[in-house]
Amino acid sequence: MSPVSFTPTAAAEEMLRRWIGLDPNTIGAAAIRRAVRLRMLAVEIDDLAAYLRRLESDVGERDRLVEEVVVAESWFFRDPQVYEQLRRFAVARLSGTSPDTSLRILSVPCAAGEEPYSIAMTLLDLGYGPDRFRIDAIDVSRVALSKARAGRYSPNAFRNADTAYRDRWFHSEKGVAVIDESVQRCVRFAWANVLDERLLDEALGVWRSSYDVVFCRNLLIYLTSDARQAVERAIGLLLKPDGMVVVGAAEPAILRDGWVPCAAGSTFTLRRATRSPGAVGRSFGAAPGPAVEAPKPPAGRPLPAAIGRGADPPGKGAPPEVATAAPAPAPAPAPPPEAPVVDVAEAAPGDTAAPPRTLREVIAAANTLANARRFSEAIALCEGYQQSGPPAAELFFLTGMLHQSLGRADLAEDCFHKTLYLDAAHEEALLALSLLATGRGDHRRAEQFRDSARRVLERKGAS
Ligand SMILES: C[S@@+](CC[C@H](N)C(=O)[O-])C[C@H]1O[C@@H](n2cnc3c(N)ncnc32)[C@H](O)[C@@H]1O
């Protein structure tokens, strides 16, 4: 019996699993069936078996089907605390070095360029010219890459509360935001499948141990466990021994192989657990002081304020349903509470500044405290606002992450539930709850949360 007559799109699912590592459970069989139907219409083949044969023999068609299933959802400065960490890393690495020392950064996957351009804006805002860094950006979606190269964005790409960078680096053309050429020139885009070493090699040139920072965010959550391991191996090869890897908020627990947080307050910027000091370049644990001052930002372009995660993603509405299983990632060892794992020069929180009043200010201040490992103070700040201000999903989520940094799983869980009460489509809270459930051995619950997250993502992909 052919796979086609057994499960209509099983062969397509298998191809997607083999080629891009997609775990079909994450987007759902219905989404894959819909994608296959769309492609059959486009190529005017009405027999499923004939289409699946075409898929096996025609790489162009394979890539077009991939376009229908990938979730190329991204936005500028997604998880702003990551960019705060990048600033510290860049300053610690580059200050006091000769002008020919530069940072090499990889964004994989880069979707339509929102992430690599955010990296470029961060470094330009610090005052580093394009000669001090190089950003490579790859993705398996040619559609996303051509949008990235065009550099034209809808309001959806500007979801964060702080969009001051938009005035600095974009201009408007008939209501479309167009990114400045000076930012575009900082990023080199290339098509590649991160699971295919040959393609990666072609896209990146000599790439082993080349990168100071690898951004690999919001990909692992969609992958099978074999594919996750393959991506992790690729990151391991790409990264310098003392480099930093940045994953999505729900992804640190997916990595298995000896990664530790770069700073206790930033659980999704990671470095190798062991490394030989000074093996390659400067350690970014360099002590703070005059030597780590960033150059002056360009005139007329004031530095952005650090803020928390952006505005709510679209897709709010009915609570996600809970149904069938999807594999939950294995929990990672939690960092020791307020332990001295910090490897990045710490900025003192604005103790002398006016107390934060708005939600955005509170989130910014709590993030700064968290980056300085002052978790309890950060929690107190969030809780103070929770008592007096309107309830905010983002604040509960951040409080949950802070409790998690202190190893307080129960309190973290409570906060993630409150987050969902306010925003049922908060996929990061769902994934965090899934990981907590896995951690206490409740795999059924973990699967339910993961499945709910999958449905949320599916709805967002469809909207
Ligand atoms: C949700 S976006 C993440 C973009 C960005 N890193 C972020 O966090 O906002 C996921 C991207 O992964 C890409 N992708 C999926 N599988 C891939 C693979 N095997 N190799 C390279 N890119 C892949 C998709 O095309 C999509 O653009």
# chains A, B, ... in the order shown; residues from 1 in each chain; ligands from 1
>>> residues_near_ligand(ligand="ligand 1", cutoff="6 Å", atoms="only C-alpha atoms and all ligand atoms", output="ChimeraX atom specification")
/A:20-21,70-75,109-111,115,139-141,192-195,216-219
>>> select_by_dssp(residues="segment 7-232 of chain A", states="helix (DSSP H, G or I)", output="JSON, numbers by chain")
{"A": [10, 11, 12, 13, 14, 15, 16, 17, 18, 19, 20, 24, 25, 26, 27, 29, 30, 31, 32, 33, 34, 35, 36, 37, 38, 39, 40, 41, 42, 48, 49, 50, 51, 52, 53, 54, 55, 56, 57, 59, 60, 61, 62, 63, 64, 65, 66, 67, 68, 69, 80, 81, 82, 83, 84, 85, 86, 87, 88, 89, 90, 91, 92, 93, 94, 114, 115, 116, 117, 118, 119, 120, 121, 122, 123, 124, 125, 130, 131, 132, 142, 143, 144, 145, 146, 147, 148, 149, 150, 155, 156, 157, 164, 165, 166, 167, 168, 169, 181, 182, 183, 184, 197, 198, 199, 200, 201, 202, 203, 204, 220, 221, 222, 225, 226, 227, 228, 229, 230, 231, 232]}
>>> closest_residue(among="A:Leu204, A:Leu381, A:Ala92, A:Leu41", to="Thr399 of chain A", atoms="only C-alpha atoms")
A:Leu381
>>> closest_residue(among="A:Ala12, A:Ala250, A:Ala234, A:Ala412", to="Tyr222 of chain A", atoms="only C-alpha atoms")
A:Ala250
>>> atom_distance(atom1="atom CA of Ile221 of chain A", atom2="atom CA of Glu427 of chain A")
10.9 Å
>>> atom_distance(atom1="atom CA of Ile379 of chain A", atom2="atom CA of Leu395 of chain A")
9.8 Å
>>> closest_atom_pairs(of="segment 69-130 of chain A", to="segment 181-184 of chain A", cutoff="8 Å", atoms="only C-alpha atoms", output="JSON lines")
{"residue": "A:Tyr117", "atom": "CA", "partner": "A:Val183", "partner_atom": "CA", "distance": 6.6}
{"residue": "A:Ala120", "atom": "CA", "partner": "A:Val183", "partner_atom": "CA", "distance": 6.2}
{"residue": "A:Met121", "atom": "CA", "partner": "A:Val183", "partner_atom": "CA", "distance": 6.6}
>>> closest_residue(among="A:Glu44, A:Asp451, A:Glu394, A:Asp125", to="Trp169 of chain A", atoms="only C-alpha atoms")
A:Asp125
>>> closest_residue(among="A:Ala49, A:Val456, A:Ala11, A:Leu126", to="Ser95 of chain A", atoms="only C-alpha atoms")
A:Leu126
>>> select_by_dssp(residues="segment 8-174 of chain A", states="strand (DSSP E)", output="ChimeraX atom specification")
/A:103-107,133-139,152-153,170-173
>>> write_last_selection(atoms="N, CA and C atoms", output="short mmCIF file (atom, residue, chain, number, x, y, z; two decimals), in the first residue's frame")
data_model
loop_
_atom_site.label_atom_id
_atom_site.label_comp_id
_atom_site.auth_asym_id
_atom_site.auth_seq_id
_atom_site.Cartn_x
_atom_site.Cartn_y
_atom_site.Cartn_z
N LEU A 103 33.20 42.13 14.53
CA LEU A 103 32.32 41.05 15.02
C LEU A 103 31.70 40.37 13.82
N ARG A 104 31.58 39.06 13.91
CA ARG A 104 30.89 38.35 12.83
C ARG A 104 29.64 37.70 13.44
N ILE A 105 28.52 38.02 12.84
CA ILE A 105 27.24 37.58 13.43
C ILE A 105 26.42 36.85 12.38
N LEU A 106 25.79 35.77 12.81
CA LEU A 106 24.93 35.01 11.88
C LEU A 106 23.50 35.03 12.41
N SER A 107 22.55 35.30 11.50
CA SER A 107 21.14 35.20 11.86
C SER A 107 20.56 34.05 11.05
N PHE A 133 31.62 45.23 11.93
CA PHE A 133 30.82 44.01 12.07
C PHE A 133 30.35 43.53 10.72
N ARG A 134 30.06 42.23 10.67
CA ARG A 134 29.52 41.67 9.44
C ARG A 134 28.37 40.75 9.86
N ILE A 135 27.25 40.91 9.18
CA ILE A 135 26.08 40.08 9.53
C ILE A 135 25.71 39.21 8.32
N ASP A 136 25.75 37.90 8.52
CA ASP A 136 25.25 36.98 7.50
C ASP A 136 23.86 36.54 7.94
N ALA A 137 22.98 36.37 6.97
CA ALA A 137 21.60 36.01 7.32
C ALA A 137 21.10 34.98 6.33
N ILE A 138 20.63 33.85 6.84
CA ILE A 138 20.15 32.81 5.91
C ILE A 138 18.77 32.32 6.30
N ASP A 139 18.08 31.81 5.30
CA ASP A 139 16.75 31.25 5.52
C ASP A 139 16.47 30.30 4.37
N ARG A 152 11.11 46.42 2.72
CA ARG A 152 9.87 47.20 2.84
C ARG A 152 8.95 46.46 3.81
N TYR A 153 8.42 47.19 4.79
CA TYR A 153 7.71 46.51 5.88
C TYR A 153 6.36 47.14 6.20
N PHE A 170 14.18 54.27 9.11
CA PHE A 170 13.22 53.98 8.04
C PHE A 170 12.67 55.28 7.47
N HIS A 171 12.26 55.22 6.23
CA HIS A 171 11.45 56.32 5.71
C HIS A 171 10.19 55.72 5.11
N SER A 172 9.20 56.56 4.91
CA SER A 172 7.91 56.04 4.47
C SER A 172 7.73 56.30 2.97
N GLU A 173 7.26 55.27 2.29
CA GLU A 173 6.91 55.43 0.86
C GLU A 173 5.50 54.91 0.69
#
